[in-house]
$ cat query36.pdb   # PDB, C-alpha atoms and all ligand atoms
ATOM      1  CA  MET A 494     -32.098   5.260  -7.022  1.00  0.00           C
ATOM      2  CA  SER A 495     -29.785   7.811  -5.571  1.00  0.00           C
ATOM      3  CA  LYS A 496     -26.126   7.783  -6.420  1.00  0.00           C
ATOM      4  CA  THR A 497     -24.120   5.780  -3.949  1.00  0.00           C
ATOM      5  CA  HIS A 498     -21.712   7.840  -2.008  1.00  0.00           C
ATOM      6  CA  SER A 499     -18.551   6.789  -0.273  1.00  0.00           C
ATOM      7  CA  ALA A 500     -19.005   9.421   2.405  1.00  0.00           C
ATOM      8  CA  HIS A 501     -18.226   6.929   5.148  1.00  0.00           C
ATOM      9  CA  ARG A 502     -14.705   6.512   3.839  1.00  0.00           C
ATOM     10  CA  THR A 503     -11.894   8.822   4.725  1.00  0.00           C
ATOM     11  CA  ALA A 504     -11.209  11.385   2.003  1.00  0.00           C
ATOM     12  CA  PHE A 505      -8.106  13.524   1.783  1.00  0.00           C
ATOM     13  CA  LEU A 506      -6.543  16.665   0.479  1.00  0.00           C
ATOM     14  CA  CYS A 507      -2.761  16.500   0.103  1.00  0.00           C
ATOM     15  CA  ASP A 508      -0.543  19.553   0.202  1.00  0.00           C
ATOM     16  CA  PRO A 509       1.835  20.379  -2.693  1.00  0.00           C
ATOM     17  CA  ASN A 510       4.657  18.406  -1.037  1.00  0.00           C
ATOM     18  CA  LEU A 511       2.645  15.209  -0.926  1.00  0.00           C
ATOM     19  CA  GLY A 512       2.019  14.323  -4.568  1.00  0.00           C
ATOM     20  CA  ARG A 513       3.407  10.826  -4.251  1.00  0.00           C
ATOM     21  CA  LEU A 514       1.309  10.204  -1.176  1.00  0.00           C
ATOM     22  CA  ALA A 515      -1.801  11.394  -3.029  1.00  0.00           C
ATOM     23  CA  ARG A 516      -1.104   8.838  -5.757  1.00  0.00           C
ATOM     24  CA  TRP A 517      -0.490   6.107  -3.229  1.00  0.00           C
ATOM     25  CA  LEU A 518      -3.754   6.908  -1.451  1.00  0.00           C
ATOM     26  CA  ARG A 519      -5.646   6.668  -4.733  1.00  0.00           C
ATOM     27  CA  MET A 520      -4.002   3.342  -5.497  1.00  0.00           C
ATOM     28  CA  ALA A 521      -5.197   2.221  -2.101  1.00  0.00           C
ATOM     29  CA  GLY A 522      -8.693   3.328  -3.109  1.00  0.00           C
ATOM     30  CA  PHE A 523      -8.969   6.597  -1.214  1.00  0.00           C
ATOM     31  CA  ASP A 524     -10.439   9.787  -2.565  1.00  0.00           C
ATOM     32  CA  ALA A 525      -7.329  11.975  -2.411  1.00  0.00           C
ATOM     33  CA  ARG A 526      -7.219  15.419  -3.949  1.00  0.00           C
ATOM     34  CA  TYR A 527      -3.890  17.093  -4.454  1.00  0.00           C
ATOM     35  CA  LEU A 528      -3.049  20.784  -4.180  1.00  0.00           C
ATOM     36  CA  ARG A 529      -0.672  21.857  -6.919  1.00  0.00           C
ATOM     37  CA  SER A 530       0.025  25.068  -5.110  1.00  0.00           C
ATOM     38  CA  TRP A 531      -0.762  26.283  -1.628  1.00  0.00           C
ATOM     39  CA  ASP A 532      -4.366  27.482  -1.543  1.00  0.00           C
ATOM     40  CA  GLU A 533      -5.964  28.451   1.791  1.00  0.00           C
ATOM     41  CA  ALA A 534      -9.448  28.664   0.285  1.00  0.00           C
ATOM     42  CA  ALA A 535      -9.199  25.155  -1.140  1.00  0.00           C
ATOM     43  CA  ILE A 536      -7.901  23.867   2.188  1.00  0.00           C
ATOM     44  CA  ALA A 537     -10.789  25.485   4.078  1.00  0.00           C
ATOM     45  CA  GLU A 538     -13.275  24.083   1.585  1.00  0.00           C
ATOM     46  CA  ALA A 539     -11.843  20.575   1.856  1.00  0.00           C
ATOM     47  CA  LEU A 540     -11.924  20.703   5.651  1.00  0.00           C
ATOM     48  CA  GLY A 541     -15.508  21.919   5.436  1.00  0.00           C
ATOM     49  CA  GLU A 542     -16.352  18.843   3.333  1.00  0.00           C
ATOM     50  CA  GLY A 543     -14.896  16.652   6.034  1.00  0.00           C
ATOM     51  CA  ARG A 544     -11.696  15.858   4.168  1.00  0.00           C
ATOM     52  CA  VAL A 545      -8.547  15.254   6.120  1.00  0.00           C
ATOM     53  CA  PHE A 546      -5.851  17.710   5.083  1.00  0.00           C
ATOM     54  CA  LEU A 547      -2.414  16.123   4.972  1.00  0.00           C
ATOM     55  CA  THR A 548       0.528  18.449   5.165  1.00  0.00           C
ATOM     56  CA  ARG A 549       4.261  18.664   5.676  1.00  0.00           C
ATOM     57  CA  LYS A 550       3.906  22.257   6.852  1.00  0.00           C
ATOM     58  CA  ARG A 551       4.262  22.506  10.592  1.00  0.00           C
ATOM     59  CA  SER A 552       2.549  25.885  10.804  1.00  0.00           C
ATOM     60  CA  THR A 553      -0.775  24.415   9.674  1.00  0.00           C
ATOM     61  CA  ALA A 554      -0.765  21.577  12.179  1.00  0.00           C
ATOM     62  CA  GLY A 555      -3.072  21.645  15.164  1.00  0.00           C
ATOM     63  CA  ARG A 556      -6.156  22.675  13.231  1.00  0.00           C
ATOM     64  CA  PRO A 557      -9.010  20.160  13.372  1.00  0.00           C
ATOM     65  CA  GLY A 558      -8.878  17.816  10.408  1.00  0.00           C
ATOM     66  CA  VAL A 559      -5.215  18.529   9.691  1.00  0.00           C
ATOM     67  CA  VAL A 560      -2.616  15.781   9.944  1.00  0.00           C
ATOM     68  CA  LEU A 561       1.039  16.805   9.973  1.00  0.00           C
ATOM     69  CA  LEU A 562       3.363  14.264   8.386  1.00  0.00           C
ATOM     70  CA  GLU A 563       6.960  14.532   9.529  1.00  0.00           C
ATOM     71  CA  SER A 564       8.520  12.135   7.076  1.00  0.00           C
ATOM     72  CA  ASP A 565       9.943  13.200   3.719  1.00  0.00           C
ATOM     73  CA  HIS A 566       9.464   9.733   2.336  1.00  0.00           C
ATOM     74  CA  LEU A 567       6.411   7.851   1.232  1.00  0.00           C
ATOM     75  CA  PRO A 568       6.779   4.745   3.423  1.00  0.00           C
ATOM     76  CA  GLY A 569       7.208   6.912   6.504  1.00  0.00           C
ATOM     77  CA  GLN A 570       4.232   9.047   5.535  1.00  0.00           C
ATOM     78  CA  VAL A 571       2.024   6.019   4.970  1.00  0.00           C
ATOM     79  CA  ALA A 572       3.117   4.481   8.253  1.00  0.00           C
ATOM     80  CA  ALA A 573       2.421   7.705  10.158  1.00  0.00           C
ATOM     81  CA  LEU A 574      -0.961   8.086   8.518  1.00  0.00           C
ATOM     82  CA  ASP A 575      -1.872   4.516   9.304  1.00  0.00           C
ATOM     83  CA  GLU A 576      -0.835   5.041  12.895  1.00  0.00           C
ATOM     84  CA  THR A 577      -2.917   8.220  13.169  1.00  0.00           C
ATOM     85  CA  LEU A 578      -6.031   7.154  11.287  1.00  0.00           C
ATOM     86  CA  GLY A 579      -5.828   3.369  11.036  1.00  0.00           C
ATOM     87  CA  LEU A 580      -6.125   3.142   7.264  1.00  0.00           C
ATOM     88  CA  GLY A 581      -5.808  -0.623   7.038  1.00  0.00           C
ATOM     89  CA  GLU A 582      -9.507  -1.400   7.197  1.00  0.00           C
ATOM     90  CA  GLU A 583     -10.347   1.099   4.512  1.00  0.00           C
ATOM     91  CA  ILE A 584      -7.801   0.118   1.893  1.00  0.00           C
ATOM     92  CA  ARG A 585      -9.506  -0.928  -1.344  1.00  0.00           C
ATOM     93  CA  PRO A 586      -6.810  -1.314  -3.972  1.00  0.00           C
ATOM     94  CA  PHE A 587      -7.757  -1.366  -7.609  1.00  0.00           C
ATOM     95  CA  THR A 588     -10.819   0.843  -7.215  1.00  0.00           C
ATOM     96  CA  ARG A 589      -9.581   4.332  -8.121  1.00  0.00           C
ATOM     97  CA  CYS A 590      -7.426   5.923 -10.834  1.00  0.00           C
ATOM     98  CA  SER A 591      -4.135   7.086  -9.349  1.00  0.00           C
ATOM     99  CA  ILE A 592      -3.937   9.939 -11.858  1.00  0.00           C
ATOM    100  CA  CYS A 593      -7.521  11.237 -12.057  1.00  0.00           C
ATOM    101  CA  ASN A 594      -8.790  10.287  -8.577  1.00  0.00           C
ATOM    102  CA  LEU A 595     -11.898   8.824 -10.247  1.00  0.00           C
ATOM    103  CA  PRO A 596     -13.473   5.493  -9.271  1.00  0.00           C
ATOM    104  CA  LEU A 597     -12.567   2.775 -11.788  1.00  0.00           C
ATOM    105  CA  ASN A 598     -15.080   0.822 -13.844  1.00  0.00           C
ATOM    106  CA  TYR A 599     -14.848  -2.925 -14.121  1.00  0.00           C
ATOM    107  CA  ALA A 600     -13.669  -3.929 -17.600  1.00  0.00           C
ATOM    108  CA  MET A 601     -14.444  -7.156 -19.440  1.00  0.00           C
ATOM    109  CA  ARG A 602     -11.353  -9.269 -19.987  1.00  0.00           C
ATOM    110  CA  GLU A 603     -11.935  -9.578 -23.727  1.00  0.00           C
ATOM    111  CA  ASP A 604     -12.274  -5.812 -24.051  1.00  0.00           C
ATOM    112  CA  VAL A 605      -8.760  -5.152 -22.782  1.00  0.00           C
ATOM    113  CA  GLU A 606      -6.943  -7.918 -24.647  1.00  0.00           C
ATOM    114  CA  LYS A 607      -5.486  -5.529 -27.209  1.00  0.00           C
ATOM    115  CA  LEU A 608      -4.756  -2.842 -24.658  1.00  0.00           C
ATOM    116  CA  VAL A 609      -2.459  -4.613 -22.226  1.00  0.00           C
ATOM    117  CA  PRO A 610       0.790  -6.526 -22.745  1.00  0.00           C
ATOM    118  CA  ASP A 611       0.306 -10.228 -23.550  1.00  0.00           C
ATOM    119  CA  TYR A 612       1.922 -11.441 -20.346  1.00  0.00           C
ATOM    120  CA  VAL A 613      -0.424  -9.266 -18.333  1.00  0.00           C
ATOM    121  CA  PHE A 614      -3.453 -10.524 -20.193  1.00  0.00           C
ATOM    122  CA  ILE A 615      -2.373 -14.108 -19.679  1.00  0.00           C
ATOM    123  CA  THR A 616      -1.554 -13.771 -16.013  1.00  0.00           C
ATOM    124  CA  HIS A 617      -4.418 -11.567 -14.805  1.00  0.00           C
ATOM    125  CA  ASP A 618      -8.153 -12.068 -14.579  1.00  0.00           C
ATOM    126  CA  GLU A 619      -9.483  -8.790 -13.338  1.00  0.00           C
ATOM    127  CA  PHE A 620      -9.222  -5.524 -15.194  1.00  0.00           C
ATOM    128  CA  ALA A 621     -10.632  -2.070 -14.688  1.00  0.00           C
ATOM    129  CA  ARG A 622     -10.634   1.119 -16.703  1.00  0.00           C
ATOM    130  CA  CYS A 623     -10.610   4.740 -15.651  1.00  0.00           C
ATOM    131  CA  PRO A 624     -13.617   6.626 -17.063  1.00  0.00           C
ATOM    132  CA  GLY A 625     -11.483   9.788 -17.178  1.00  0.00           C
ATOM    133  CA  CYS A 626      -8.186   8.864 -18.833  1.00  0.00           C
ATOM    134  CA  SER A 627      -8.967   5.324 -20.099  1.00  0.00           C
ATOM    135  CA  ARG A 628      -5.963   3.831 -18.337  1.00  0.00           C
ATOM    136  CA  ILE A 629      -6.304   0.095 -17.787  1.00  0.00           C
ATOM    137  CA  TYR A 630      -5.570  -1.333 -14.368  1.00  0.00           C
ATOM    138  CA  TRP A 631      -5.140  -4.933 -13.371  1.00  0.00           C
ATOM    139  CA  ARG A 632      -4.778  -6.781 -10.156  1.00  0.00           C
ATOM    140  CA  GLY A 633      -2.173  -9.386  -9.390  1.00  0.00           C
ATOM    141  CA  THR A 634      -3.229 -12.934  -8.662  1.00  0.00           C
ATOM    142  CA  HIS A 635      -1.615 -12.754  -5.254  1.00  0.00           C
ATOM    143  CA  PRO A 636      -2.677 -10.281  -2.612  1.00  0.00           C
ATOM    144  CA  ALA A 637      -0.022  -7.617  -2.667  1.00  0.00           C
ATOM    145  CA  SER A 638       1.059  -5.685   0.352  1.00  0.00           C
ATOM    146  CA  ALA A 639      -0.168  -2.140   0.546  1.00  0.00           C
ATOM    147  CA  LEU A 640       3.221  -0.718  -0.298  1.00  0.00           C
ATOM    148  CA  ALA A 641       3.508  -2.815  -3.430  1.00  0.00           C
ATOM    149  CA  PHE A 642       0.826  -0.612  -4.931  1.00  0.00           C
ATOM    150  CA  ILE A 643       3.339   2.178  -5.137  1.00  0.00           C
ATOM    151  CA  ASP A 644       4.650   0.396  -8.195  1.00  0.00           C
ATOM    152  CA  SER A 645       1.239  -0.510  -9.461  1.00  0.00           C
ATOM    153  CA  TYR A 646       1.000  -1.255 -13.074  1.00  0.00           C
ATOM    154  CA  VAL A 647      -0.602   1.431 -15.025  1.00  0.00           C
ATOM    155  CA  ARG A 648      -0.696   1.672 -18.751  1.00  0.00           C
ATOM    156  CA  THR A 649      -2.335   4.213 -20.940  1.00  0.00           C
ATOM    157  CA  GLY A 650      -5.239   2.656 -22.781  1.00  0.00           C
ATOM    158  CA  LYS A 651      -4.898   3.409 -26.448  1.00  0.00           C
ATOM    159  CA  ARG A 652      -8.178   3.248 -28.257  1.00  0.00           C
ATOM    160  CA  GLY A 653      -7.659   1.325 -31.467  1.00  0.00           C
TER     161      GLY A 653
HETATM  162 ZN    ZN A 701      -7.701   8.207 -14.886  1.00  0.00          ZN
END

$ encode --input "query36.pdb" --output "structure tokens" --more "lines below"
Ligand SMILES: [Zn+2]
Amino acid sequence: MSKTHSAHRTAFLCDPNLGRLARWLRMAGFDARYLRSWDEAAIAEALGEGRVFLTRKRSTAGRPGVVLLESDHLPGQVAALDETLGLGEEIRPFTRCSICNLPLNYAMREDVEKLVPDYVFITHDEFARCPGCSRIYWRGTHPASALAFIDSYVRTGKRG
């Protein structure tokens, strides 16, 4: 069986000014790469792959696949992006590591008992682990608003 691909979902490249947005997008389940420094070749490559390039830099706006974000602040950036691309339908929280940009693996509850705080273990049923950095993620019992994922609850998984 061929590897499943999430090619139908919107994928992003964020410019060096948009690190927080990149993390937010990952928390919302999007494939979001982040440029640590300005790199025209990487931008061209990402656009060639069909990624949407998000930027604060006015001079790059107007190119196909480039979205200029005017706001300096995350909520404004998310709102503008949602208005431009209609992200709502595609948000899949709790599916991607906000640090590594890798899809998370489902984790058995008993396997994370020693890795998360007691109150988290007691109050949550679903856990996932990043295959890259081993961070453990958990989902609240109540559906959280998209912006609540900004403060999502990440803890480094320490292997015992
Ligand atoms: Zn990770």

$ resolve_selection --input "query36.pdb" --expression "the PyMOL selection byres (((not hetatm)) within 6 of (chain A and resi 701))" --output "PyMOL selection string"
chain A and resi 590+592-593+623+625-626+628

$ closest_residue --input "query36.pdb" --among "A:Ala600, A:Leu514, A:Leu562, A:Leu506" --to "A:Glu538" --atoms "only C-alpha atoms"
A:Leu506

$ residues_around --input "query36.pdb" --residues "A:Cys507" --least-positions-apart "6" --cutoff "10 Å" --atoms "only C-alpha atoms" --output "JSON list (two decimals) with C-alpha atoms, in the frame of the given file"
[["chain", "number", "residue", "atom", "x", "y", "z"],
["A", 513, "ARG", "CA", 3.41, 10.83, -4.25],
["A", 514, "LEU", "CA", 1.31, 10.20, -1.18],
["A", 515, "ALA", "CA", -1.80, 11.39, -3.03],
["A", 516, "ARG", "CA", -1.10, 8.84, -5.76],
["A", 518, "LEU", "CA", -3.75, 6.91, -1.45],
["A", 525, "ALA", "CA", -7.33, 11.98, -2.41],
["A", 526, "ARG", "CA", -7.22, 15.42, -3.95],
["A", 527, "TYR", "CA", -3.89, 17.09, -4.45],
["A", 528, "LEU", "CA", -3.05, 20.78, -4.18],
["A", 529, "ARG", "CA", -0.67, 21.86, -6.92],
["A", 536, "ILE", "CA", -7.90, 23.87, 2.19],
["A", 544, "ARG", "CA", -11.70, 15.86, 4.17],
["A", 545, "VAL", "CA", -8.55, 15.25, 6.12],
["A", 546, "PHE", "CA", -5.85, 17.71, 5.08],
["A", 547, "LEU", "CA", -2.41, 16.12, 4.97],
["A", 548, "THR", "CA", 0.53, 18.45, 5.16],
["A", 549, "ARG", "CA", 4.26, 18.66, 5.68],
["A", 560, "VAL", "CA", -2.62, 15.78, 9.94]]

$ resolve_selection --input "query36.pdb" --expression "the PyMOL selection byres (((chain A and resi 616) around 12) and not hetatm)" --output "PyMOL selection string"
chain A and resi 602+606+609-615+617-620+631-635

$ write_last_selection --input "query36.pdb" --atoms "C-alpha atoms" --output "PDB file, in the frame of the given file"
ATOM      1  CA  ARG A 602     -11.353  -9.269 -19.987  1.00  0.00           C
ATOM      2  CA  GLU A 606      -6.943  -7.918 -24.647  1.00  0.00           C
ATOM      3  CA  VAL A 609      -2.459  -4.613 -22.226  1.00  0.00           C
ATOM      4  CA  PRO A 610       0.790  -6.526 -22.745  1.00  0.00           C
ATOM      5  CA  ASP A 611       0.306 -10.228 -23.550  1.00  0.00           C
ATOM      6  CA  TYR A 612       1.922 -11.441 -20.346  1.00  0.00           C
ATOM      7  CA  VAL A 613      -0.424  -9.266 -18.333  1.00  0.00           C
ATOM      8  CA  PHE A 614      -3.453 -10.524 -20.193  1.00  0.00           C
ATOM      9  CA  ILE A 615      -2.373 -14.108 -19.679  1.00  0.00           C
ATOM     10  CA  HIS A 617      -4.418 -11.567 -14.805  1.00  0.00           C
ATOM     11  CA  ASP A 618      -8.153 -12.068 -14.579  1.00  0.00           C
ATOM     12  CA  GLU A 619      -9.483  -8.790 -13.338  1.00  0.00           C
ATOM     13  CA  PHE A 620      -9.222  -5.524 -15.194  1.00  0.00           C
ATOM     14  CA  TRP A 631      -5.140  -4.933 -13.371  1.00  0.00           C
ATOM     15  CA  ARG A 632      -4.778  -6.781 -10.156  1.00  0.00           C
ATOM     16  CA  GLY A 633      -2.173  -9.386  -9.390  1.00  0.00           C
ATOM     17  CA  THR A 634      -3.229 -12.934  -8.662  1.00  0.00           C
ATOM     18  CA  HIS A 635      -1.615 -12.754  -5.254  1.00  0.00           C
TER      19      HIS A 635
END

$ resolve_selection --input "query36.pdb" --expression "the PyMOL selection byres (((chain A and resi 588) around 9) and not hetatm)" --output "list in words"
Arg519, Met520, Ala521, Gly522, Phe523, Arg585, Pro586, Phe587, Arg589, Cys590, Leu595, Pro596, Leu597, Asn598, Tyr599 and Ala621 of chain A

$ residues_around --input "query36.pdb" --residues "A:Leu567" --least-positions-apart "2" --cutoff "9 Å" --atoms "only C-alpha atoms" --output "list in words"
Leu511, Arg513, Leu514, Trp517, Ser564, Asp565, Gly569, Gln570, Val571 and Ala572 of chain A

$ atom_distance --input "query36.pdb" --atom1 "atom CA of A:Leu561" --atom2 "atom CA of A:Leu574"
9.1 Å

$ atom_distance --input "query36.pdb" --atom1 "atom CA of A:Ala554" --atom2 "atom CA of A:Asp532"
15.4 Å

$ axis_aligned_box --input "query36.pdb" --around "stretch 551-569 of chain A" --padding-each-side "3 Å" --output "JSON"
{"center_x": 0.5, "center_y": 15.3, "center_z": 8.2, "size_x": 25.0, "size_y": 27.1, "size_z": 19.9}

$ closest_residue --input "query36.pdb" --among "A:Thr553, A:Leu578, A:Ala504, A:Asp524" --to "A:Asn594" --atoms "all atoms listed in the file"
A:Asp524

$ decode --input "query36.pdb" --residues "stretch 552-589 of chain A" --atoms "N, CA and C atoms" --output "PDB file, in the first residue's frame"
ATOM      1  N   SER A 552       7.256  43.428  -0.119  1.00  0.00           N
ATOM      2  CA  SER A 552       7.865  43.355  -1.451  1.00  0.00           C
ATOM      3  C   SER A 552       7.679  41.993  -2.120  1.00  0.00           C
ATOM      4  N   THR A 553       7.361  40.964  -1.326  1.00  0.00           N
ATOM      5  CA  THR A 553       7.175  39.642  -1.937  1.00  0.00           C
ATOM      6  C   THR A 553       5.720  39.379  -2.293  1.00  0.00           C
ATOM      7  N   ALA A 554       4.836  40.233  -1.831  1.00  0.00           N
ATOM      8  CA  ALA A 554       3.410  40.009  -2.077  1.00  0.00           C
ATOM      9  C   ALA A 554       3.102  40.130  -3.562  1.00  0.00           C
ATOM     10  N   GLY A 555       1.996  39.542  -3.962  1.00  0.00           N
ATOM     11  CA  GLY A 555       1.569  39.650  -5.352  1.00  0.00           C
ATOM     12  C   GLY A 555       1.986  38.466  -6.194  1.00  0.00           C
ATOM     13  N   ARG A 556       3.015  37.728  -5.726  1.00  0.00           N
ATOM     14  CA  ARG A 556       3.376  36.516  -6.456  1.00  0.00           C
ATOM     15  C   ARG A 556       2.314  35.452  -6.212  1.00  0.00           C
ATOM     16  N   PRO A 557       2.084  34.569  -7.190  1.00  0.00           N
ATOM     17  CA  PRO A 557       1.119  33.489  -6.941  1.00  0.00           C
ATOM     18  C   PRO A 557       1.586  32.605  -5.787  1.00  0.00           C
ATOM     19  N   GLY A 558       0.662  32.256  -4.924  1.00  0.00           N
ATOM     20  CA  GLY A 558       1.001  31.387  -3.801  1.00  0.00           C
ATOM     21  C   GLY A 558       1.549  32.122  -2.603  1.00  0.00           C
ATOM     22  N   VAL A 559       1.666  33.439  -2.683  1.00  0.00           N
ATOM     23  CA  VAL A 559       2.197  34.217  -1.563  1.00  0.00           C
ATOM     24  C   VAL A 559       1.053  34.970  -0.884  1.00  0.00           C
ATOM     25  N   VAL A 560       0.987  34.842   0.430  1.00  0.00           N
ATOM     26  CA  VAL A 560      -0.020  35.585   1.191  1.00  0.00           C
ATOM     27  C   VAL A 560       0.696  36.558   2.117  1.00  0.00           C
ATOM     28  N   LEU A 561       0.407  37.834   1.946  1.00  0.00           N
ATOM     29  CA  LEU A 561       0.984  38.877   2.793  1.00  0.00           C
ATOM     30  C   LEU A 561       0.118  39.039   4.033  1.00  0.00           C
ATOM     31  N   LEU A 562       0.742  38.978   5.201  1.00  0.00           N
ATOM     32  CA  LEU A 562       0.009  39.172   6.445  1.00  0.00           C
ATOM     33  C   LEU A 562       0.413  40.511   7.046  1.00  0.00           C
ATOM     34  N   GLU A 563      -0.553  41.370   7.245  1.00  0.00           N
ATOM     35  CA  GLU A 563      -0.258  42.733   7.692  1.00  0.00           C
ATOM     36  C   GLU A 563      -0.030  42.812   9.192  1.00  0.00           C
ATOM     37  N   SER A 564      -0.673  41.911   9.920  1.00  0.00           N
ATOM     38  CA  SER A 564      -0.644  42.025  11.372  1.00  0.00           C
ATOM     39  C   SER A 564       0.695  41.568  11.957  1.00  0.00           C
ATOM     40  N   ASP A 565       1.088  42.237  13.043  1.00  0.00           N
ATOM     41  CA  ASP A 565       2.279  41.839  13.790  1.00  0.00           C
ATOM     42  C   ASP A 565       1.953  40.757  14.808  1.00  0.00           C
ATOM     43  N   HIS A 566       0.679  40.536  15.031  1.00  0.00           N
ATOM     44  CA  HIS A 566       0.289  39.678  16.141  1.00  0.00           C
ATOM     45  C   HIS A 566      -0.436  38.428  15.659  1.00  0.00           C
ATOM     46  N   LEU A 567      -0.209  37.370  16.399  1.00  0.00           N
ATOM     47  CA  LEU A 567      -0.732  36.070  16.007  1.00  0.00           C
ATOM     48  C   LEU A 567      -2.245  36.059  15.755  1.00  0.00           C
ATOM     49  N   PRO A 568      -3.062  36.565  16.683  1.00  0.00           N
ATOM     50  CA  PRO A 568      -4.507  36.485  16.410  1.00  0.00           C
ATOM     51  C   PRO A 568      -4.899  37.185  15.115  1.00  0.00           C
ATOM     52  N   GLY A 569      -4.275  38.322  14.849  1.00  0.00           N
ATOM     53  CA  GLY A 569      -4.572  39.044  13.613  1.00  0.00           C
ATOM     54  C   GLY A 569      -4.105  38.271  12.388  1.00  0.00           C
ATOM     55  N   GLN A 570      -2.975  37.615  12.514  1.00  0.00           N
ATOM     56  CA  GLN A 570      -2.442  36.822  11.402  1.00  0.00           C
ATOM     57  C   GLN A 570      -3.347  35.629  11.112  1.00  0.00           C
ATOM     58  N   VAL A 571      -3.774  34.967  12.180  1.00  0.00           N
ATOM     59  CA  VAL A 571      -4.659  33.807  12.002  1.00  0.00           C
ATOM     60  C   VAL A 571      -5.976  34.252  11.383  1.00  0.00           C
ATOM     61  N   ALA A 572      -6.506  35.354  11.870  1.00  0.00           N
ATOM     62  CA  ALA A 572      -7.783  35.844  11.344  1.00  0.00           C
ATOM     63  C   ALA A 572      -7.655  36.193   9.859  1.00  0.00           C
ATOM     64  N   ALA A 573      -6.557  36.845   9.496  1.00  0.00           N
ATOM     65  CA  ALA A 573      -6.361  37.238   8.096  1.00  0.00           C
ATOM     66  C   ALA A 573      -6.203  36.006   7.207  1.00  0.00           C
ATOM     67  N   LEU A 574      -5.484  35.031   7.717  1.00  0.00           N
ATOM     68  CA  LEU A 574      -5.265  33.806   6.962  1.00  0.00           C
ATOM     69  C   LEU A 574      -6.581  33.049   6.766  1.00  0.00           C
ATOM     70  N   ASP A 575      -7.362  33.020   7.815  1.00  0.00           N
ATOM     71  CA  ASP A 575      -8.648  32.343   7.740  1.00  0.00           C
ATOM     72  C   ASP A 575      -9.552  33.050   6.737  1.00  0.00           C
ATOM     73  N   GLU A 576      -9.477  34.375   6.742  1.00  0.00           N
ATOM     74  CA  GLU A 576     -10.300  35.132   5.809  1.00  0.00           C
ATOM     75  C   GLU A 576      -9.863  34.878   4.361  1.00  0.00           C
ATOM     76  N   THR A 577      -8.549  34.781   4.153  1.00  0.00           N
ATOM     77  CA  THR A 577      -8.022  34.579   2.806  1.00  0.00           C
ATOM     78  C   THR A 577      -8.232  33.152   2.311  1.00  0.00           C
ATOM     79  N   LEU A 578      -7.944  32.187   3.168  1.00  0.00           N
ATOM     80  CA  LEU A 578      -7.930  30.790   2.713  1.00  0.00           C
ATOM     81  C   LEU A 578      -9.046  29.926   3.298  1.00  0.00           C
ATOM     82  N   GLY A 579      -9.762  30.453   4.286  1.00  0.00           N
ATOM     83  CA  GLY A 579     -10.811  29.645   4.911  1.00  0.00           C
ATOM     84  C   GLY A 579     -10.260  28.392   5.563  1.00  0.00           C
ATOM     85  N   LEU A 580      -9.456  28.584   6.600  1.00  0.00           N
ATOM     86  CA  LEU A 580      -8.771  27.456   7.238  1.00  0.00           C
ATOM     87  C   LEU A 580      -9.690  26.540   8.041  1.00  0.00           C
ATOM     88  N   GLY A 581     -10.786  27.115   8.501  1.00  0.00           N
ATOM     89  CA  GLY A 581     -11.644  26.421   9.475  1.00  0.00           C
ATOM     90  C   GLY A 581     -11.871  24.950   9.196  1.00  0.00           C
ATOM     91  N   GLU A 582     -12.243  24.641   7.974  1.00  0.00           N
ATOM     92  CA  GLU A 582     -12.563  23.265   7.602  1.00  0.00           C
ATOM     93  C   GLU A 582     -11.373  22.325   7.726  1.00  0.00           C
ATOM     94  N   GLU A 583     -10.200  22.880   7.616  1.00  0.00           N
ATOM     95  CA  GLU A 583      -9.008  22.032   7.543  1.00  0.00           C
ATOM     96  C   GLU A 583      -8.286  21.876   8.878  1.00  0.00           C
ATOM     97  N   ILE A 584      -8.795  22.550   9.901  1.00  0.00           N
ATOM     98  CA  ILE A 584      -8.105  22.481  11.188  1.00  0.00           C
ATOM     99  C   ILE A 584      -8.258  21.094  11.820  1.00  0.00           C
ATOM    100  N   ARG A 585      -7.140  20.485  12.129  1.00  0.00           N
ATOM    101  CA  ARG A 585      -7.116  19.164  12.769  1.00  0.00           C
ATOM    102  C   ARG A 585      -6.154  19.231  13.951  1.00  0.00           C
ATOM    103  N   PRO A 586      -6.623  19.783  15.068  1.00  0.00           N
ATOM    104  CA  PRO A 586      -5.721  19.916  16.205  1.00  0.00           C
ATOM    105  C   PRO A 586      -5.243  18.541  16.668  1.00  0.00           C
ATOM    106  N   PHE A 587      -4.082  18.550  17.327  1.00  0.00           N
ATOM    107  CA  PHE A 587      -3.657  17.324  17.979  1.00  0.00           C
ATOM    108  C   PHE A 587      -3.222  16.273  16.956  1.00  0.00           C
ATOM    109  N   THR A 588      -2.734  16.708  15.809  1.00  0.00           N
ATOM    110  CA  THR A 588      -2.282  15.734  14.817  1.00  0.00           C
ATOM    111  C   THR A 588      -0.825  15.951  14.405  1.00  0.00           C
ATOM    112  N   ARG A 589      -0.211  17.069  14.848  1.00  0.00           N
ATOM    113  CA  ARG A 589       1.125  17.378  14.348  1.00  0.00           C
ATOM    114  C   ARG A 589       1.958  18.010  15.464  1.00  0.00           C
TER     115      ARG A 589
END
